[in-house]
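**Q** What follows is protein-v7.pdb, made up of PDB, C-alpha atoms, pLDDT in the B column:
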ATOM      1  CA  ASP A 215      42.888 174.430  80.462  1.00 65.00           C
ATOM      2  CA  GLY A 216      46.282 172.974  81.249  1.00 73.00           C
ATOM      3  CA  GLY A 217      47.002 171.801  84.742  1.00 93.00           C
ATOM      4  CA  ILE A 218      47.565 168.975  87.182  1.00 96.00           C
ATOM      5  CA  THR A 219      44.752 166.763  88.433  1.00 96.00           C
ATOM      6  CA  GLN A 220      45.141 164.830  91.660  1.00 97.00           C
ATOM      7  CA  SER A 221      42.639 162.252  92.850  1.00 96.00           C
ATOM      8  CA  PRO A 222      41.114 161.442  95.183  1.00 96.00           C
ATOM      9  CA  LYS A 223      40.966 164.697  97.138  1.00 95.00           C
ATOM     10  CA  TYR A 224      40.292 162.825 100.391  1.00 95.00           C
ATOM     11  CA  LEU A 225      41.189 159.218 101.158  1.00 93.00           C
ATOM     12  CA  PHE A 226      40.786 157.099 104.252  1.00 92.00           C
ATOM     13  CA  ARG A 227      42.825 153.959 104.722  1.00 89.00           C
ATOM     14  CA  LYS A 228      42.953 151.245 107.291  1.00 89.00           C
ATOM     15  CA  GLU A 229      46.302 150.263 108.700  1.00 86.00           C
ATOM     16  CA  GLY A 230      47.999 147.602 106.610  1.00 86.00           C
ATOM     17  CA  GLN A 231      46.423 148.674 103.324  1.00 90.00           C
ATOM     18  CA  ASN A 232      48.214 150.031 100.291  1.00 93.00           C
ATOM     19  CA  VAL A 233      46.655 153.030  98.554  1.00 95.00           C
ATOM     20  CA  THR A 234      47.460 154.722  95.261  1.00 96.00           C
ATOM     21  CA  LEU A 235      47.185 158.450  94.651  1.00 97.00           C
ATOM     22  CA  SER A 236      46.699 159.587  91.074  1.00 98.00           C
ATOM     23  CA  CYS A 237      48.486 162.518  89.424  1.00 98.00           C
ATOM     24  CA  GLU A 238      47.848 163.502  85.795  1.00 98.00           C
ATOM     25  CA  GLN A 239      49.170 166.552  83.943  1.00 97.00           C
ATOM     26  CA  ASN A 240      48.410 167.957  80.495  1.00 96.00           C
ATOM     27  CA  LEU A 241      51.123 170.610  80.516  1.00 94.00           C
ATOM     28  CA  ASN A 242      53.580 168.512  78.483  1.00 93.00           C
ATOM     29  CA  HIS A 243      56.032 168.830  81.371  1.00 92.00           C
ATOM     30  CA  ASP A 244      58.940 166.416  81.521  1.00 91.00           C
ATOM     31  CA  ALA A 245      59.521 166.425  85.280  1.00 91.00           C
ATOM     32  CA  MET A 246      57.033 165.347  87.925  1.00 94.00           C
ATOM     33  CA  TYR A 247      57.287 165.281  91.710  1.00 95.00           C
ATOM     34  CA  TRP A 248      55.561 164.016  94.812  1.00 97.00           C
ATOM     35  CA  TYR A 249      55.791 165.986  98.040  1.00 96.00           C
ATOM     36  CA  ARG A 250      54.451 165.322 101.492  1.00 96.00           C
ATOM     37  CA  GLN A 251      53.276 168.211 103.691  1.00 95.00           C
ATOM     38  CA  ASP A 252      52.794 167.926 107.446  1.00 92.00           C
ATOM     39  CA  PRO A 253      51.668 170.724 109.793  1.00 85.00           C
ATOM     40  CA  GLY A 254      54.546 173.001 110.772  1.00 78.00           C
ATOM     41  CA  GLN A 255      56.935 171.418 108.277  1.00 80.00           C
ATOM     42  CA  GLY A 256      58.012 172.394 104.812  1.00 83.00           C
ATOM     43  CA  LEU A 257      57.287 170.249 101.800  1.00 92.00           C
ATOM     44  CA  ARG A 258      59.413 167.120 101.748  1.00 93.00           C
ATOM     45  CA  LEU A 259      60.270 165.382  98.500  1.00 93.00           C
ATOM     46  CA  ILE A 260      59.192 161.736  98.209  1.00 96.00           C
ATOM     47  CA  TYR A 261      60.065 160.894  94.600  1.00 96.00           C
ATOM     48  CA  TYR A 262      60.690 162.748  91.369  1.00 93.00           C
ATOM     49  CA  SER A 263      60.948 161.799  87.724  1.00 93.00           C
ATOM     50  CA  GLN A 264      62.662 163.694  84.935  1.00 90.00           C
ATOM     51  CA  ILE A 265      61.750 161.356  82.064  1.00 91.00           C
ATOM     52  CA  VAL A 266      59.437 158.442  81.342  1.00 95.00           C
ATOM     53  CA  ASN A 267      60.446 155.109  82.877  1.00 95.00           C
ATOM     54  CA  ASP A 268      62.933 156.767  85.215  1.00 94.00           C
ATOM     55  CA  PHE A 269      62.546 158.175  88.725  1.00 95.00           C
ATOM     56  CA  GLN A 270      64.704 159.012  91.741  1.00 93.00           C
ATOM     57  CA  LYS A 271      64.152 158.820  95.472  1.00 94.00           C
ATOM     58  CA  GLY A 272      63.737 162.018  97.392  1.00 92.00           C
ATOM     59  CA  ASP A 273      64.423 162.617 101.076  1.00 90.00           C
ATOM     60  CA  ILE A 274      61.593 160.446 102.444  1.00 94.00           C
ATOM     61  CA  ALA A 275      61.031 157.639  99.899  1.00 96.00           C
ATOM     62  CA  GLU A 276      60.784 154.780 102.415  1.00 96.00           C
ATOM     63  CA  GLY A 277      57.326 153.201 102.384  1.00 95.00           C
ATOM     64  CA  TYR A 278      56.363 154.757  99.047  1.00 97.00           C
ATOM     65  CA  SER A 279      56.592 153.615  95.432  1.00 97.00           C
ATOM     66  CA  VAL A 280      55.981 155.302  92.080  1.00 98.00           C
ATOM     67  CA  SER A 281      55.865 154.544  88.376  1.00 97.00           C
ATOM     68  CA  ARG A 282      56.260 156.707  85.289  1.00 97.00           C
ATOM     69  CA  GLU A 283      54.954 154.709  82.346  1.00 97.00           C
ATOM     70  CA  LYS A 284      53.506 157.741  80.582  1.00 97.00           C
ATOM     71  CA  LYS A 285      54.739 161.318  80.428  1.00 97.00           C
ATOM     72  CA  GLU A 286      51.460 162.692  81.756  1.00 97.00           C
ATOM     73  CA  SER A 287      51.007 160.296  84.688  1.00 98.00           C
ATOM     74  CA  PHE A 288      52.960 159.778  87.930  1.00 98.00           C
ATOM     75  CA  PRO A 289      50.965 157.717  90.468  1.00 98.00           C
ATOM     76  CA  LEU A 290      52.161 157.340  94.066  1.00 98.00           C
ATOM     77  CA  THR A 291      51.508 154.201  96.121  1.00 97.00           C
ATOM     78  CA  VAL A 292      51.594 154.541  99.887  1.00 95.00           C
ATOM     79  CA  THR A 293      52.425 151.089 101.155  1.00 93.00           C
ATOM     80  CA  SER A 294      51.743 149.474 104.507  1.00 87.00           C
ATOM     81  CA  ALA A 295      55.465 149.909 105.235  1.00 86.00           C
ATOM     82  CA  GLN A 296      54.998 153.667 105.606  1.00 88.00           C
ATOM     83  CA  LYS A 297      54.853 154.129 109.375  1.00 87.00           C
ATOM     84  CA  ASN A 298      53.013 157.444 109.528  1.00 90.00           C
ATOM     85  CA  PRO A 299      51.165 157.983 106.242  1.00 92.00           C
ATOM     86  CA  THR A 300      48.534 160.483 107.418  1.00 94.00           C
ATOM     87  CA  ALA A 301      49.473 163.680 105.570  1.00 95.00           C
ATOM     88  CA  PHE A 302      48.666 166.026 102.711  1.00 96.00           C
ATOM     89  CA  TYR A 303      50.250 164.841  99.453  1.00 97.00           C
ATOM     90  CA  LEU A 304      51.079 167.247  96.657  1.00 97.00           C
ATOM     91  CA  CYS A 305      51.997 166.420  93.074  1.00 97.00           C
ATOM     92  CA  ALA A 306      53.877 168.943  90.935  1.00 95.00           C
ATOM     93  CA  SER A 307      55.417 169.216  87.493  1.00 94.00           C
ATOM     94  CA  SER A 308      57.868 171.414  85.612  1.00 90.00           C
ATOM     95  CA  MET A 309      59.940 171.556  82.483  1.00 84.00           C
ATOM     96  CA  ALA A 310      63.037 169.439  83.194  1.00 73.00           C
ATOM     97  CA  GLY A 311      66.703 170.361  83.276  1.00 66.00           C
ATOM     98  CA  VAL A 312      68.230 173.743  82.639  1.00 62.00           C
ATOM     99  CA  GLY A 313      65.627 176.465  82.448  1.00 62.00           C
ATOM    100  CA  ALA A 314      63.234 178.557  84.464  1.00 58.00           C
ATOM    101  CA  ASN A 315      61.550 175.523  86.067  1.00 73.00           C
ATOM    102  CA  VAL A 316      58.401 177.119  87.394  1.00 84.00           C
ATOM    103  CA  LEU A 317      56.677 174.468  89.503  1.00 88.00           C
ATOM    104  CA  THR A 318      52.987 173.822  88.925  1.00 92.00           C
ATOM    105  CA  PHE A 319      51.086 172.030  91.682  1.00 95.00           C
ATOM    106  CA  GLY A 320      47.933 169.999  91.857  1.00 96.00           C
ATOM    107  CA  ALA A 321      45.252 170.656  94.494  1.00 95.00           C
ATOM    108  CA  GLY A 322      46.520 167.885  96.755  1.00 96.00           C
ATOM    109  CA  SER A 323      45.245 164.633  98.263  1.00 97.00           C
ATOM    110  CA  ARG A 324      44.643 164.283 101.984  1.00 96.00           C
ATOM    111  CA  LEU A 325      45.253 160.768 103.280  1.00 95.00           C
ATOM    112  CA  THR A 326      44.023 159.726 106.709  1.00 94.00           C
ATOM    113  CA  VAL A 327      44.855 156.378 108.240  1.00 90.00           C
ATOM    114  CA  LEU A 328      42.163 155.112 110.589  1.00 85.00           C
TER     115      LEU A 328
ATOM    116  CA  LYS B 140      72.315 170.006 102.344  1.00 79.00           C
ATOM    117  CA  GLN B 141      70.447 173.229 101.657  1.00 87.00           C
ATOM    118  CA  GLU B 142      68.302 174.446 104.585  1.00 91.00           C
ATOM    119  CA  VAL B 143      65.560 177.007 103.929  1.00 94.00           C
ATOM    120  CA  THR B 144      64.045 179.010 106.786  1.00 95.00           C
ATOM    121  CA  GLN B 145      61.113 181.397 106.888  1.00 96.00           C
ATOM    122  CA  ILE B 146      60.604 183.705 109.845  1.00 92.00           C
ATOM    123  CA  PRO B 147      58.123 184.575 111.268  1.00 92.00           C
ATOM    124  CA  ALA B 148      55.943 181.476 111.088  1.00 94.00           C
ATOM    125  CA  ALA B 149      52.829 183.646 111.357  1.00 95.00           C
ATOM    126  CA  LEU B 150      52.057 187.319 110.798  1.00 96.00           C
ATOM    127  CA  SER B 151      48.913 189.444 111.254  1.00 97.00           C
ATOM    128  CA  VAL B 152      48.599 192.919 109.770  1.00 97.00           C
ATOM    129  CA  PRO B 153      45.766 195.419 109.282  1.00 97.00           C
ATOM    130  CA  GLU B 154      44.427 195.893 105.781  1.00 97.00           C
ATOM    131  CA  GLY B 155      46.339 198.428 103.708  1.00 97.00           C
ATOM    132  CA  GLU B 156      49.687 197.889 105.388  1.00 97.00           C
ATOM    133  CA  ASN B 157      52.830 197.152 103.383  1.00 97.00           C
ATOM    134  CA  LEU B 158      54.656 194.054 104.599  1.00 96.00           C
ATOM    135  CA  VAL B 159      57.790 191.985 104.047  1.00 97.00           C
ATOM    136  CA  LEU B 160      58.147 188.210 104.277  1.00 97.00           C
ATOM    137  CA  ASN B 161      61.583 186.692 104.731  1.00 97.00           C
ATOM    138  CA  CYS B 162      63.290 183.594 103.333  1.00 97.00           C
ATOM    139  CA  SER B 163      66.819 182.504 104.296  1.00 97.00           C
ATOM    140  CA  PHE B 164      68.920 179.719 102.787  1.00 96.00           C
ATOM    141  CA  THR B 165      72.201 178.258 104.026  1.00 95.00           C
ATOM    142  CA  ASP B 166      74.023 177.644 100.726  1.00 90.00           C
ATOM    143  CA  SER B 167      74.315 180.704  98.504  1.00 89.00           C
ATOM    144  CA  ALA B 168      75.029 178.599  95.392  1.00 88.00           C
ATOM    145  CA  ILE B 169      71.440 178.529  94.202  1.00 90.00           C
ATOM    146  CA  TYR B 170      70.125 178.385  90.650  1.00 89.00           C
ATOM    147  CA  ASN B 171      66.775 180.060  91.247  1.00 91.00           C
ATOM    148  CA  LEU B 172      64.277 180.879  93.994  1.00 95.00           C
ATOM    149  CA  GLN B 173      60.488 180.774  93.829  1.00 95.00           C
ATOM    150  CA  TRP B 174      57.780 182.241  96.014  1.00 97.00           C
ATOM    151  CA  PHE B 175      54.474 180.399  96.318  1.00 97.00           C
ATOM    152  CA  ARG B 176      51.089 181.045  97.869  1.00 97.00           C
ATOM    153  CA  GLN B 177      49.057 178.272  99.502  1.00 96.00           C
ATOM    154  CA  ASP B 178      45.442 178.646 100.579  1.00 95.00           C
ATOM    155  CA  PRO B 179      44.173 176.306 103.322  1.00 90.00           C
ATOM    156  CA  GLY B 180      43.788 172.737 102.096  1.00 89.00           C
ATOM    157  CA  LYS B 181      44.901 173.636  98.579  1.00 91.00           C
ATOM    158  CA  GLY B 182      47.941 173.225  96.378  1.00 92.00           C
ATOM    159  CA  LEU B 183      50.651 175.828  95.858  1.00 94.00           C
ATOM    160  CA  THR B 184      50.470 178.617  93.299  1.00 95.00           C
ATOM    161  CA  SER B 185      53.706 180.069  91.937  1.00 94.00           C
ATOM    162  CA  LEU B 186      53.899 183.835  92.458  1.00 96.00           C
ATOM    163  CA  LEU B 187      57.388 184.848  91.348  1.00 95.00           C
ATOM    164  CA  LEU B 188      60.583 183.150  90.204  1.00 93.00           C
ATOM    165  CA  ILE B 189      63.971 184.846  90.489  1.00 93.00           C
ATOM    166  CA  GLN B 190      66.972 183.488  88.625  1.00 91.00           C
ATOM    167  CA  SER B 191      70.299 183.564  90.462  1.00 90.00           C
ATOM    168  CA  SER B 192      71.527 186.324  88.132  1.00 91.00           C
ATOM    169  CA  GLN B 193      68.572 188.589  88.974  1.00 92.00           C
ATOM    170  CA  ARG B 194      68.112 190.913  91.943  1.00 94.00           C
ATOM    171  CA  GLU B 195      64.333 191.242  91.897  1.00 95.00           C
ATOM    172  CA  GLN B 196      61.069 190.391  90.169  1.00 95.00           C
ATOM    173  CA  THR B 197      57.766 192.229  90.284  1.00 96.00           C
ATOM    174  CA  SER B 198      54.184 191.191  89.657  1.00 95.00           C
ATOM    175  CA  GLY B 199      51.431 193.655  90.510  1.00 97.00           C
ATOM    176  CA  ARG B 200      51.598 194.459  94.236  1.00 97.00           C
ATOM    177  CA  LEU B 201      54.288 191.812  94.784  1.00 98.00           C
ATOM    178  CA  ASN B 202      58.027 192.373  94.639  1.00 98.00           C
ATOM    179  CA  ALA B 203      60.576 189.662  95.378  1.00 97.00           C
ATOM    180  CA  SER B 204      64.248 190.431  95.929  1.00 97.00           C
ATOM    181  CA  LEU B 205      67.251 188.122  96.078  1.00 97.00           C
ATOM    182  CA  ASP B 206      70.595 188.626  97.811  1.00 96.00           C
ATOM    183  CA  LYS B 207      72.576 185.466  97.132  1.00 93.00           C
ATOM    184  CA  SER B 208      75.677 186.522  99.025  1.00 92.00           C
ATOM    185  CA  SER B 209      73.738 186.900 102.264  1.00 94.00           C
ATOM    186  CA  GLY B 210      71.453 183.920 101.576  1.00 95.00           C
ATOM    187  CA  ARG B 211      68.239 185.913 101.743  1.00 97.00           C
ATOM    188  CA  SER B 212      65.144 186.697  99.748  1.00 97.00           C
ATOM    189  CA  THR B 213      62.235 188.945 100.662  1.00 98.00           C
ATOM    190  CA  LEU B 214      58.688 189.129  99.352  1.00 97.00           C
ATOM    191  CA  TYR B 215      57.217 192.607  99.605  1.00 98.00           C
ATOM    192  CA  ILE B 216      53.433 192.943  99.480  1.00 98.00           C
ATOM    193  CA  ALA B 217      52.130 196.461  98.975  1.00 98.00           C
ATOM    194  CA  ALA B 218      48.767 197.698 100.242  1.00 98.00           C
ATOM    195  CA  SER B 219      47.750 194.348 101.726  1.00 97.00           C
ATOM    196  CA  GLN B 220      44.170 193.095 101.303  1.00 97.00           C
ATOM    197  CA  PRO B 221      42.166 190.429 103.164  1.00 97.00           C
ATOM    198  CA  GLY B 222      42.408 188.287 100.014  1.00 97.00           C
ATOM    199  CA  ASP B 223      46.179 188.131 100.529  1.00 98.00           C
ATOM    200  CA  SER B 224      45.611 185.977 103.616  1.00 98.00           C
ATOM    201  CA  ALA B 225      47.360 182.661 102.933  1.00 97.00           C
ATOM    202  CA  THR B 226      50.598 180.808 103.647  1.00 96.00           C
ATOM    203  CA  TYR B 227      53.587 181.974 101.635  1.00 97.00           C
ATOM    204  CA  LEU B 228      56.436 179.554 100.922  1.00 97.00           C
ATOM    205  CA  CYS B 229      59.774 179.970  99.246  1.00 97.00           C
ATOM    206  CA  ALA B 230      61.759 177.245  97.473  1.00 95.00           C
ATOM    207  CA  VAL B 231      65.283 177.145  96.057  1.00 93.00           C
ATOM    208  CA  LYS B 232      66.750 175.097  93.250  1.00 89.00           C
ATOM    209  CA  VAL B 233      70.463 174.437  93.651  1.00 84.00           C
ATOM    210  CA  ASN B 234      71.428 172.471  90.553  1.00 78.00           C
ATOM    211  CA  PRO B 235      70.369 173.600  87.065  1.00 72.00           C
ATOM    212  CA  SER B 236      70.257 170.046  85.691  1.00 71.00           C
ATOM    213  CA  LEU B 237      68.872 168.288  88.744  1.00 70.00           C
ATOM    214  CA  ASP B 238      65.203 168.952  89.361  1.00 71.00           C
ATOM    215  CA  GLN B 239      65.235 169.203  93.143  1.00 79.00           C
ATOM    216  CA  PHE B 240      63.713 172.078  95.090  1.00 87.00           C
ATOM    217  CA  TYR B 241      64.143 172.815  98.804  1.00 91.00           C
ATOM    218  CA  PHE B 242      61.172 174.403 100.537  1.00 93.00           C
ATOM    219  CA  GLY B 243      60.861 176.613 103.582  1.00 94.00           C
ATOM    220  CA  THR B 244      58.194 175.966 106.235  1.00 92.00           C
ATOM    221  CA  GLY B 245      56.167 179.007 105.197  1.00 95.00           C
ATOM    222  CA  THR B 246      54.763 182.163 106.764  1.00 97.00           C
ATOM    223  CA  SER B 247      51.038 182.220 107.511  1.00 96.00           C
ATOM    224  CA  LEU B 248      49.733 185.715 106.736  1.00 97.00           C
ATOM    225  CA  THR B 249      46.441 187.109 108.023  1.00 97.00           C
ATOM    226  CA  VAL B 250      45.281 190.496 106.759  1.00 97.00           C
ATOM    227  CA  ILE B 251      42.653 191.937 109.102  1.00 97.00           C
ATOM    228  CA  PRO B 252      39.871 194.013 107.490  1.00 96.00           C
TER     229      PRO B 252
END
Write the structure described by the file as structure tokens, please.

**A**
Amino acid sequence: DGGITQSPKYLFRKEGQNVTLSCEQNLNHDAMYWYRQDPGQGLRLIYYSQIVNDFQKGDIAEGYSVSREKKESFPLTVTSAQKNPTAFYLCASSMAGVGANVLTFGAGSRLTVL
Amino acid sequence: KQEVTQIPAALSVPEGENLVLNCSFTDSAIYNLQWFRQDPGKGLTSLLLIQSSQREQTSGRLNASLDKSSGRSTLYIAASQPGDSATYLCAVKVNPSLDQFYFGTGTSLTVIP
């Protein structure tokens, strides 16, 4: 079945550590996204990528980094520079550019900083 | 910048009731609007997508309408069931060639048996 796989589902990190969240899709989608979700707030865009080897910052990119070396993979690194990293992280994908652009989401990764 | 608002933040209804969820956006120049469902601790599932040229979309007991000029969309759920309990979010896309979506904060729906 086609879909998006995020791992790990739960992650605990000590302050000062970098962590990487995995996102893999087998939908042949061009565009991929990372969102952060906090209680009482809407989804906020961290980074997005429309093609391989290219990505753009979203509204809250500070303290995060991404790569897009393969079409199916878009890992997110939460660096020690991110001041408040405890949150629920959602990866999504869609066909890029002009078109219907239905967003497909993964099941999410919950990061807790101890 | 596009602002998307969903009111109320939470809603409880008895089973069987018809209900309407609201989504407002500040800039009427949108390309499309999507409604999503999110179960606790899970990702989002797309329910309906309405293109800017459309007025409504239907899927089963769900009907989504779009009024661009007034900056509003509604999601109508007929004959609600306890399984409909979830958070419902709307998102708008403003630029057809730029893959950015703006999300509302969601409405948490509880359907009481």

**Q** Using all atoms listed in the file, which chain A residues lie at most 8 Å away from chain B, written as a list in words?

**A**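 Filtering chain A at 8 Å from chain B with all atoms listed in the file gives Ala245, Gly254, Gln255, Gly256, Leu257, Arg258, Tyr262, Gln264, Leu304, Ala310, Gly311, Val312, Gly313, Ala314, Val316, Leu317, Thr318, Phe319, Gly320, Ala321 and Gly322 of chain A.
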
**Q** Counting all atoms listed in the file, what is within 10 Å of segment 158-161 of chain B, bar same-chain residues fewer than 5 positions away, as a count of residues only?

**A** 29

**Q** For the atom pair atom CA of Glu195 of chain B and atom CA of Phe164 of chain B, what is the interatomic distance in Å to one decimal place?

**A** 16.5 Å

**Q** With the PyMOL selection byres ((chain A and resi 241) around 8) as the selection, what would be picked from this file? Answer as a list of chain:residue names, please.

**A** A:Gly216, A:Gly217, A:Ile218, A:Gln239, A:Asn240, A:Asn242, A:His243

**Q** One decimal, Å: what's the distance from atom CA of Lys228 of chain A over to atom CA of Phe302 of chain A, could you say?

**A**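 Straight-line distance from atom CA of Lys228 of chain A to atom CA of Phe302 of chain A works out to 16.5 Å.
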
**Q** Distance atom CA of Asn232 of chain A-atom CA of Arg282 of chain A, one decimal place?

**A**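 Distance reported for this atom pair: 18.3 Å.
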
**Q** Of the candidates B:Arg176, B:Ser167, B:Glu156, B:Thr249, which one gets nearest to Leu205 of chain B if we count only C-alpha atoms?

**A** B:Ser167

**Q** My list of candidates is B:Asp178, B:Glu154, B:Asp206, B:Asp166. Which is closest to Pro221 of chain B when distances are computed with all atoms listed in the file?

**A**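 The closest residue to Pro221 of chain B is B:Glu154.
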
**Q** In file coordinates, which residues lie within 12 Å of (46.8, 162.5, 106.0) using only C-alpha atoms, given as a PyMOL selection string?

**A** (chain A and resi 223-228+250-253+292+298-304+322-328) or (chain B and resi 180)

**Q** Quick one: of A:Gln270, A:Ser308, A:Pro222, A:Glu229, who's nearest to Gln296 of chain A, counting all atoms listed in the file?

**A**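 Checking each of A:Gln270, A:Ser308, A:Pro222, A:Glu229 against Gln296 of chain A, counting all atoms listed in the file, the winner is A:Glu229.
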
**Q** Taking all atoms of segment 251-261 of chain A that the file lists and extending 3 Å past them on each side, where is the centre of the axis-aligned box and how long are its edges? Answer in Å to one decimal, as JSON.

**A**
{"center_x": 56.0, "center_y": 166.9, "center_z": 102.7, "size_x": 14.6, "size_y": 18.1, "size_z": 22.2}

**Q** Starting from the PyMOL selection byres ((chain A and resi 283) around 7), expand the selection into actual residues of this file and give them as an mmCIF file with C-alpha atoms, in the coordinates of the input.

**A**
data_model
loop_
_atom_site.group_PDB
_atom_site.id
_atom_site.type_symbol
_atom_site.label_atom_id
_atom_site.label_comp_id
_atom_site.auth_asym_id
_atom_site.auth_seq_id
_atom_site.Cartn_x
_atom_site.Cartn_y
_atom_site.Cartn_z
ATOM 1 C CA VAL A 266 59.437 158.442 81.342
ATOM 2 C CA ASN A 267 60.446 155.109 82.877
ATOM 3 C CA SER A 281 55.865 154.544 88.376
ATOM 4 C CA ARG A 282 56.260 156.707 85.289
ATOM 5 C CA LYS A 284 53.506 157.741 80.582
ATOM 6 C CA LYS A 285 54.739 161.318 80.428
#

**Q** Using the chain letters and numbers from the file, which residues does the PyMOL selection byres ((chain A and resi 290) around 8) grab, as a list in words?

**A**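 The output of the PyMOL selection byres ((chain A and resi 290) around 8) on this file is Thr234, Leu235, Ser236, Cys237, Trp248, Tyr278, Ser279, Val280, Ser281, Phe288, Pro289, Thr291 and Val292 of chain A.
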
**Q** Measuring between only C-alpha atoms, which one of A:Gly277, A:Lys271, A:Tyr261, A:Cys305 shows the shortest distance to Gly230 of chain A?

**A**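 For Gly230 of chain A, the nearest of the given residues is A:Gly277.
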
**Q** Taking into account only C-alpha atoms, which residue in the set A:Ala306, A:Gln220, A:Glu276, A:Tyr249 is nearest to Ser294 of chain A?

**A**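 Of all the options, A:Glu276 lies closest to Ser294 of chain A.
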
**Q** Output segment 157-168 of chain B from the block with N, CA, C and O atoms, as a PDB file, in the first residue's frame?

**A**
ATOM      1  N   ASN B 157     -27.212  16.620  13.064  1.00  0.00           N
ATOM      2  CA  ASN B 157     -26.480  17.221  11.946  1.00  0.00           C
ATOM      3  C   ASN B 157     -25.690  18.399  12.484  1.00  0.00           C
ATOM      4  O   ASN B 157     -26.155  19.120  13.377  1.00  0.00           O
ATOM      5  N   LEU B 158     -24.488  18.637  11.970  1.00  0.00           N
ATOM      6  CA  LEU B 158     -23.680  19.722  12.507  1.00  0.00           C
ATOM      7  C   LEU B 158     -22.865  20.386  11.407  1.00  0.00           C
ATOM      8  O   LEU B 158     -22.637  19.824  10.329  1.00  0.00           O
ATOM      9  N   VAL B 159     -22.424  21.613  11.710  1.00  0.00           N
ATOM     10  CA  VAL B 159     -21.640  22.410  10.771  1.00  0.00           C
ATOM     11  C   VAL B 159     -20.382  22.914  11.459  1.00  0.00           C
ATOM     12  O   VAL B 159     -20.451  23.472  12.563  1.00  0.00           O
ATOM     13  N   LEU B 160     -19.239  22.695  10.816  1.00  0.00           N
ATOM     14  CA  LEU B 160     -17.967  23.231  11.287  1.00  0.00           C
ATOM     15  C   LEU B 160     -17.563  24.368  10.363  1.00  0.00           C
ATOM     16  O   LEU B 160     -17.787  24.306   9.153  1.00  0.00           O
ATOM     17  N   ASN B 161     -16.966  25.402  10.954  1.00  0.00           N
ATOM     18  CA  ASN B 161     -16.645  26.604  10.198  1.00  0.00           C
ATOM     19  C   ASN B 161     -15.155  26.823  10.013  1.00  0.00           C
ATOM     20  O   ASN B 161     -14.352  26.503  10.901  1.00  0.00           O
ATOM     21  N   CYS B 162     -14.803  27.414   8.878  1.00  0.00           N
ATOM     22  CA  CYS B 162     -13.409  27.752   8.562  1.00  0.00           C
ATOM     23  C   CYS B 162     -13.433  29.109   7.863  1.00  0.00           C
ATOM     24  O   CYS B 162     -14.167  29.285   6.879  1.00  0.00           O
ATOM     25  N   SER B 163     -12.665  30.070   8.408  1.00  0.00           N
ATOM     26  CA  SER B 163     -12.595  31.405   7.811  1.00  0.00           C
ATOM     27  C   SER B 163     -11.162  31.713   7.412  1.00  0.00           C
ATOM     28  O   SER B 163     -10.217  31.319   8.119  1.00  0.00           O
ATOM     29  N   PHE B 164     -10.991  32.421   6.298  1.00  0.00           N
ATOM     30  CA  PHE B 164      -9.660  32.810   5.847  1.00  0.00           C
ATOM     31  C   PHE B 164      -9.681  34.275   5.447  1.00  0.00           C
ATOM     32  O   PHE B 164     -10.705  34.799   4.985  1.00  0.00           O
ATOM     33  N   THR B 165      -8.545  34.963   5.639  1.00  0.00           N
ATOM     34  CA  THR B 165      -8.520  36.418   5.503  1.00  0.00           C
ATOM     35  C   THR B 165      -8.341  36.882   4.063  1.00  0.00           C
ATOM     36  O   THR B 165      -8.812  37.954   3.707  1.00  0.00           O
ATOM     37  N   ASP B 166      -7.662  36.101   3.239  1.00  0.00           N
ATOM     38  CA  ASP B 166      -7.421  36.495   1.845  1.00  0.00           C
ATOM     39  C   ASP B 166      -8.238  35.586   0.934  1.00  0.00           C
ATOM     40  O   ASP B 166      -8.026  34.379   0.912  1.00  0.00           O
ATOM     41  N   SER B 167      -9.169  36.174   0.204  1.00  0.00           N
ATOM     42  CA  SER B 167     -10.078  35.363  -0.613  1.00  0.00           C
ATOM     43  C   SER B 167      -9.419  34.793  -1.865  1.00  0.00           C
ATOM     44  O   SER B 167     -10.003  33.968  -2.561  1.00  0.00           O
ATOM     45  N   ALA B 168      -8.200  35.210  -2.166  1.00  0.00           N
ATOM     46  CA  ALA B 168      -7.508  34.721  -3.371  1.00  0.00           C
ATOM     47  C   ALA B 168      -6.849  33.379  -3.101  1.00  0.00           C
ATOM     48  O   ALA B 168      -5.621  33.266  -3.059  1.00  0.00           O
TER      49      ALA B 168
END
